[in-house]
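Novice: Dropping in run_24.pdb, which is PDB, C-alpha atoms and all ligand atoms:
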ATOM      1  CA  MET A 795     167.713   5.837  97.482  1.00  0.00           C
ATOM      2  CA  LYS A 796     170.571   8.253  98.063  1.00  0.00           C
ATOM      3  CA  CYS A 797     169.735   9.801  94.763  1.00  0.00           C
ATOM      4  CA  VAL A 798     166.119  10.383  95.765  1.00  0.00           C
ATOM      5  CA  ALA A 799     167.207  11.956  99.052  1.00  0.00           C
ATOM      6  CA  ALA A 800     169.635  14.263  97.272  1.00  0.00           C
ATOM      7  CA  LEU A 801     166.947  15.238  94.804  1.00  0.00           C
ATOM      8  CA  LEU A 802     164.505  15.938  97.614  1.00  0.00           C
ATOM      9  CA  VAL A 803     167.056  18.153  99.358  1.00  0.00           C
ATOM     10  CA  ALA A 804     167.714  19.982  96.105  1.00  0.00           C
ATOM     11  CA  VAL A 805     163.985  20.564  95.574  1.00  0.00           C
ATOM     12  CA  LEU A 806     163.537  21.821  99.140  1.00  0.00           C
ATOM     13  CA  VAL A 807     166.498  24.178  98.841  1.00  0.00           C
ATOM     14  CA  LEU A 808     165.225  25.504  95.529  1.00  0.00           C
ATOM     15  CA  ALA A 809     161.729  25.951  96.976  1.00  0.00           C
ATOM     16  CA  SER A 810     163.036  28.005  99.906  1.00  0.00           C
ATOM     17  CA  VAL A 811     165.185  30.113  97.590  1.00  0.00           C
ATOM     18  CA  ALA A 812     162.113  30.765  95.436  1.00  0.00           C
ATOM     19  CA  VAL A 813     160.094  31.917  98.451  1.00  0.00           C
ATOM     20  CA  GLU A 814     162.878  34.199  99.681  1.00  0.00           C
ATOM     21  CA  ARG A 815     163.382  35.635  96.244  1.00  0.00           C
ATOM     22  CA  ALA A 816     159.704  36.457  95.911  1.00  0.00           C
ATOM     23  CA  ASP A 817     159.904  38.301  99.229  1.00  0.00           C
ATOM     24  CA  ALA A 818     163.079  40.125  98.275  1.00  0.00           C
ATOM     25  CA  ASP A 819     161.383  41.253  95.054  1.00  0.00           C
ATOM     26  CA  VAL A 820     158.459  42.659  97.026  1.00  0.00           C
ATOM     27  CA  PHE A 821     160.725  44.591  99.386  1.00  0.00           C
ATOM     28  CA  ALA A 822     162.773  45.975  96.510  1.00  0.00           C
ATOM     29  CA  ALA A 823     159.562  46.994  94.727  1.00  0.00           C
ATOM     30  CA  LEU A 824     158.192  48.705  97.825  1.00  0.00           C
ATOM     31  CA  ARG A 825     161.461  50.583  98.338  1.00  0.00           C
ATOM     32  CA  ASP A 826     161.760  51.674  94.692  1.00  0.00           C
ATOM     33  CA  CYS A 827     158.135  52.730  94.475  1.00  0.00           C
ATOM     34  CA  ALA A 828     158.251  54.652  97.771  1.00  0.00           C
ATOM     35  CA  LYS A 829     161.250  56.543  96.453  1.00  0.00           C
ATOM     36  CA  ASN A 830     159.699  57.268  93.040  1.00  0.00           C
ATOM     37  CA  SER A 831     156.483  58.539  94.573  1.00  0.00           C
ATOM     38  CA  ASN A 832     158.239  60.656  97.237  1.00  0.00           C
ATOM     39  CA  LEU A 833     156.348  58.995 100.055  1.00  0.00           C
ATOM     40  CA  SER A 834     158.031  58.598 103.441  1.00  0.00           C
ATOM     41  CA  GLN A 835     157.992  55.376 105.389  1.00  0.00           C
ATOM     42  CA  ASP A 836     155.830  57.160 107.935  1.00  0.00           C
ATOM     43  CA  LYS A 837     153.201  58.094 105.337  1.00  0.00           C
ATOM     44  CA  LEU A 838     153.147  54.561 103.967  1.00  0.00           C
ATOM     45  CA  GLN A 839     152.829  53.066 107.433  1.00  0.00           C
ATOM     46  CA  LYS A 840     149.867  55.346 108.114  1.00  0.00           C
ATOM     47  CA  ALA A 841     148.276  54.299 104.813  1.00  0.00           C
ATOM     48  CA  CYS A 842     148.553  50.674 105.972  1.00  0.00           C
ATOM     49  CA  ASN A 843     146.363  51.640 108.903  1.00  0.00           C
ATOM     50  CA  GLY A 844     143.749  53.485 106.854  1.00  0.00           C
ATOM     51  CA  GLU A 845     145.118  57.012 107.290  1.00  0.00           C
ATOM     52  CA  LEU A 846     145.635  58.029 103.663  1.00  0.00           C
ATOM     53  CA  PRO A 847     147.729  61.022 102.609  1.00  0.00           C
ATOM     54  CA  LYS A 848     145.907  64.055 101.181  1.00  0.00           C
ATOM     55  CA  ASP A 849     145.751  66.005  97.895  1.00  0.00           C
ATOM     56  CA  GLU A 850     148.899  65.703  95.790  1.00  0.00           C
ATOM     57  CA  GLU A 851     150.287  63.041  98.094  1.00  0.00           C
ATOM     58  CA  LEU A 852     147.136  60.978  97.671  1.00  0.00           C
ATOM     59  CA  LYS A 853     147.792  60.962  93.919  1.00  0.00           C
ATOM     60  CA  ASN A 854     151.348  59.895  94.619  1.00  0.00           C
ATOM     61  CA  TYR A 855     150.049  57.139  96.861  1.00  0.00           C
ATOM     62  CA  GLN A 856     147.686  55.933  94.119  1.00  0.00           C
ATOM     63  CA  CYS A 857     150.603  55.747  91.713  1.00  0.00           C
ATOM     64  CA  TYR A 858     152.688  54.035  94.384  1.00  0.00           C
ATOM     65  CA  THR A 859     150.087  51.224  94.516  1.00  0.00           C
ATOM     66  CA  LYS A 860     150.266  50.895  90.725  1.00  0.00           C
ATOM     67  CA  CYS A 861     154.070  50.897  90.801  1.00  0.00           C
ATOM     68  CA  VAL A 862     154.142  48.085  93.381  1.00  0.00           C
ATOM     69  CA  GLN A 863     151.415  46.028  91.708  1.00  0.00           C
ATOM     70  CA  GLN A 864     153.156  46.225  88.344  1.00  0.00           C
ATOM     71  CA  LEU A 865     156.664  45.524  89.635  1.00  0.00           C
ATOM     72  CA  VAL A 866     155.610  42.374  91.478  1.00  0.00           C
ATOM     73  CA  GLY A 867     153.306  41.245  88.645  1.00  0.00           C
ATOM     74  CA  ILE A 868     149.910  41.708  90.303  1.00  0.00           C
ATOM     75  CA  MET A 869     148.906  44.151  87.555  1.00  0.00           C
ATOM     76  CA  SER A 870     149.843  43.556  83.939  1.00  0.00           C
ATOM     77  CA  ALA A 871     151.003  46.226  81.497  1.00  0.00           C
ATOM     78  CA  GLU A 872     147.410  46.347  80.217  1.00  0.00           C
ATOM     79  CA  GLY A 873     145.995  46.708  83.715  1.00  0.00           C
ATOM     80  CA  ALA A 874     144.672  43.187  84.284  1.00  0.00           C
ATOM     81  CA  VAL A 875     144.830  42.124  87.938  1.00  0.00           C
ATOM     82  CA  ASP A 876     146.032  38.593  88.807  1.00  0.00           C
ATOM     83  CA  PRO A 877     144.362  37.207  91.988  1.00  0.00           C
ATOM     84  CA  VAL A 878     146.787  34.274  92.322  1.00  0.00           C
ATOM     85  CA  LYS A 879     149.773  36.582  92.169  1.00  0.00           C
ATOM     86  CA  SER A 880     148.157  38.872  94.723  1.00  0.00           C
ATOM     87  CA  ALA A 881     147.765  35.970  97.113  1.00  0.00           C
ATOM     88  CA  GLN A 882     151.321  34.738  96.540  1.00  0.00           C
ATOM     89  CA  THR A 883     152.862  38.151  96.999  1.00  0.00           C
ATOM     90  CA  LEU A 884     150.933  39.916  99.706  1.00  0.00           C
ATOM     91  CA  VAL A 885     150.157  37.320 102.385  1.00  0.00           C
ATOM     92  CA  ASP A 886     151.694  34.246 103.953  1.00  0.00           C
ATOM     93  CA  GLU A 887     150.883  30.650 103.052  1.00  0.00           C
ATOM     94  CA  LYS A 888     147.991  30.226 105.487  1.00  0.00           C
ATOM     95  CA  GLN A 889     146.078  33.241 104.171  1.00  0.00           C
ATOM     96  CA  ARG A 890     146.523  32.567 100.444  1.00  0.00           C
ATOM     97  CA  LYS A 891     143.149  30.953  99.864  1.00  0.00           C
ATOM     98  CA  GLU A 892     141.256  33.781 101.518  1.00  0.00           C
ATOM     99  CA  MET A 893     143.399  36.432  99.804  1.00  0.00           C
ATOM    100  CA  GLU A 894     142.783  34.853  96.413  1.00  0.00           C
ATOM    101  CA  ASP A 895     139.018  34.864  97.022  1.00  0.00           C
ATOM    102  CA  ILE A 896     139.171  38.531  97.992  1.00  0.00           C
ATOM    103  CA  ALA A 897     141.367  39.429  95.016  1.00  0.00           C
ATOM    104  CA  LYS A 898     138.860  37.797  92.654  1.00  0.00           C
ATOM    105  CA  GLN A 899     136.226  40.228  93.937  1.00  0.00           C
ATOM    106  CA  CYS A 900     138.564  43.213  93.553  1.00  0.00           C
ATOM    107  CA  LYS A 901     139.690  42.976  89.943  1.00  0.00           C
ATOM    108  CA  PHE A 902     137.867  46.041  88.628  1.00  0.00           C
ATOM    109  CA  ASP A 903     137.854  44.642  85.100  1.00  0.00           C
ATOM    110  CA  ASP A 904     135.522  47.473  84.062  1.00  0.00           C
ATOM    111  CA  MET A 905     138.276  50.023  84.748  1.00  0.00           C
ATOM    112  CA  LYS A 906     140.323  50.010  81.564  1.00  0.00           C
ATOM    113  CA  GLY A 907     144.081  50.438  81.409  1.00  0.00           C
ATOM    114  CA  ALA A 908     146.876  50.259  83.968  1.00  0.00           C
ATOM    115  CA  THR A 909     146.026  53.447  85.824  1.00  0.00           C
ATOM    116  CA  CYS A 910     146.966  54.710  89.278  1.00  0.00           C
ATOM    117  CA  GLU A 911     143.240  55.003  90.077  1.00  0.00           C
ATOM    118  CA  LYS A 912     142.606  51.362  89.264  1.00  0.00           C
ATOM    119  CA  ALA A 913     145.547  50.102  91.342  1.00  0.00           C
ATOM    120  CA  PHE A 914     144.360  52.253  94.229  1.00  0.00           C
ATOM    121  CA  ALA A 915     140.811  50.872  93.907  1.00  0.00           C
ATOM    122  CA  VAL A 916     142.248  47.346  94.080  1.00  0.00           C
ATOM    123  CA  ASP A 917     144.362  48.245  97.103  1.00  0.00           C
ATOM    124  CA  GLN A 918     141.450  49.781  98.972  1.00  0.00           C
ATOM    125  CA  CYS A 919     139.177  46.881  98.044  1.00  0.00           C
ATOM    126  CA  TYR A 920     141.643  44.449  99.662  1.00  0.00           C
ATOM    127  CA  SER A 921     141.619  46.658 102.736  1.00  0.00           C
ATOM    128  CA  GLU A 922     137.817  46.748 102.904  1.00  0.00           C
ATOM    129  CA  LYS A 923     137.260  43.027 102.372  1.00  0.00           C
ATOM    130  CA  ASN A 924     139.451  42.018 105.308  1.00  0.00           C
ATOM    131  CA  ASN A 925     140.837  45.013 107.110  1.00  0.00           C
ATOM    132  CA  VAL A 926     142.659  43.044 109.811  1.00  0.00           C
ATOM    133  CA  MET A 927     144.464  40.886 107.263  1.00  0.00           C
ATOM    134  CA  TYR A 928     145.324  43.957 105.166  1.00  0.00           C
ATOM    135  CA  LYS A 929     146.685  45.915 108.109  1.00  0.00           C
ATOM    136  CA  ASN A 930     148.725  43.053 109.482  1.00  0.00           C
ATOM    137  CA  ASN A 931     150.333  42.178 106.167  1.00  0.00           C
ATOM    138  CA  CYS A 932     150.870  45.805 105.144  1.00  0.00           C
ATOM    139  CA  ASN A 933     152.577  46.659 108.440  1.00  0.00           C
ATOM    140  CA  ASP A 934     154.608  43.466 108.290  1.00  0.00           C
ATOM    141  CA  LEU A 935     155.814  44.230 104.753  1.00  0.00           C
ATOM    142  CA  MET A 936     156.678  47.793 105.790  1.00  0.00           C
ATOM    143  CA  SER A 937     158.756  46.739 108.775  1.00  0.00           C
ATOM    144  CA  LYS A 938     160.656  44.240 106.635  1.00  0.00           C
ATOM    145  CA  THR A 939     161.119  46.734 103.788  1.00  0.00           C
ATOM    146  CA  PHE A 940     162.397  49.478 106.075  1.00  0.00           C
ATOM    147  CA  PRO A 941     164.133  47.693 108.954  1.00  0.00           C
ATOM    148  CA  ALA A 942     164.701  49.936 111.997  1.00  0.00           C
TER     149      ALA A 942
HETATM  150  C1  LIG A1001     159.525  63.634  93.643  1.00  0.00           C
HETATM  151  O1  LIG A1001     160.420  64.673  94.016  1.00  0.00           O
HETATM  152  C2  LIG A1001     161.323  65.028  92.998  1.00  0.00           C
HETATM  153  C3  LIG A1001     162.295  66.032  93.560  1.00  0.00           C
HETATM  154  O2  LIG A1001     161.639  67.040  94.296  1.00  0.00           O
HETATM  155  C4  LIG A1001     160.531  65.566  91.783  1.00  0.00           C
HETATM  156  O3  LIG A1001     161.403  65.906  90.731  1.00  0.00           O
HETATM  157  C5  LIG A1001     159.563  64.479  91.307  1.00  0.00           C
HETATM  158  O4  LIG A1001     158.765  64.977  90.256  1.00  0.00           O
HETATM  159  C6  LIG A1001     158.692  64.030  92.461  1.00  0.00           C
HETATM  160  N1  LIG A1001     157.855  62.897  92.009  1.00  0.00           N
HETATM  161  C7  LIG A1001     156.549  62.838  92.242  1.00  0.00           C
HETATM  162  C8  LIG A1001     155.858  61.608  91.755  1.00  0.00           C
HETATM  163  O5  LIG A1001     155.928  63.709  92.812  1.00  0.00           O
END
As a first step, turn the structure in this file into structure tokens.

Specialist:
Amino acid sequence: MKCVAALLVAVLVLASVAVERADADVFAALRDCAKNSNLSQDKLQKACNGELPKDEELKNYQCYTKCVQQLVGIMSAEGAVDPVKSAQTLVDEKQRKEMEDIAKQCKFDDMKGATCEKAFAVDQCYSEKNNVMYKNNCNDLMSKTFPA
């Protein structure tokens, strides 16, 4: 009995570590990718809310979405998009089912290769399918990635 309780505690502790680690990976990815693409926190926050940067910075933003998707494992090296991983990474537990359904409709399998344009299309598709969910999660990730 004691043994089962200890095992249960161990499993719960491991599960919470796994969840935190996944989050930490996302924040690290967002930070690294923001830096590599020369995009300020302000620009990224605006992009969360549908105000995309222009010209050269829009290209940087497209490559930022690819950078993030690849670092967290949403997009493979070949450019395949993983809906389950999208749901696990981008939203909280309660929204996973809906996010996975959306991600399945936003895979853009006809766009070949792991390109910035494809990652951006995926990103914008998520935003269009449920804009409130996108905005809330994007802003939430931003505030946790760049604490005040
Ligand atoms: C970011 O800025 C640095 C320094 O100005 C530059 O060397 C680099 O090419 C820029 N990267 C992008 C993606 O624009």

Novice: Expand the PyMOL selection byres (((not hetatm)) within 10 of (chain A and resi 1001)) into the explicit residue set it covers here, and present it as a list in words.

Specialist: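 When the PyMOL selection byres (((not hetatm)) within 10 of (chain A and resi 1001)) is applied, the selected residues are Cys827, Ala828, Lys829, Asn830, Ser831, Asn832, Leu833, Glu850, Glu851, Lys853, Asn854, Tyr855, Cys857 and Tyr858 of chain A.
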
Novice: Distance atom CA of Tyr920 of chain A-atom CA of Ser880 of chain A, one decimal place?

Specialist: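 Straight-line distance from atom CA of Tyr920 of chain A to atom CA of Ser880 of chain A works out to 9.9 Å.
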
Novice: Where does the PyMOL selection byres (((chain A and resi 930) around 12) and not hetatm) land in this file, that is, which residues does it pick, as a ChimeraX atom specification?

Specialist: /A:839,842-844,884-886,889,921,924-929,931-937

Novice: Report, in Å with one decimal, the straight-line distance from atom CA of Glu894 of chain A to atom CA of Lys879 of chain A.

Specialist: 8.4 Å

Novice: Taking all atoms listed in the file into account, which of A:Val866, A:Ser834, A:Val878, A:Ala913 comes nearest Pro847 of chain A?

Specialist: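 Closest candidate: A:Ser834.
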
Novice: Given 5 Å of margin on each side, can you work out the centre and size in Å (one decimal) of an axis-aligned box holding every listed atom of segment 866-876 of chain A, as AutoDock Vina command-line options?

Specialist:
--center_x 150.1 --center_y 42.7 --center_z 85.8 --size_x 20.9 --size_y 18.1 --size_z 21.3
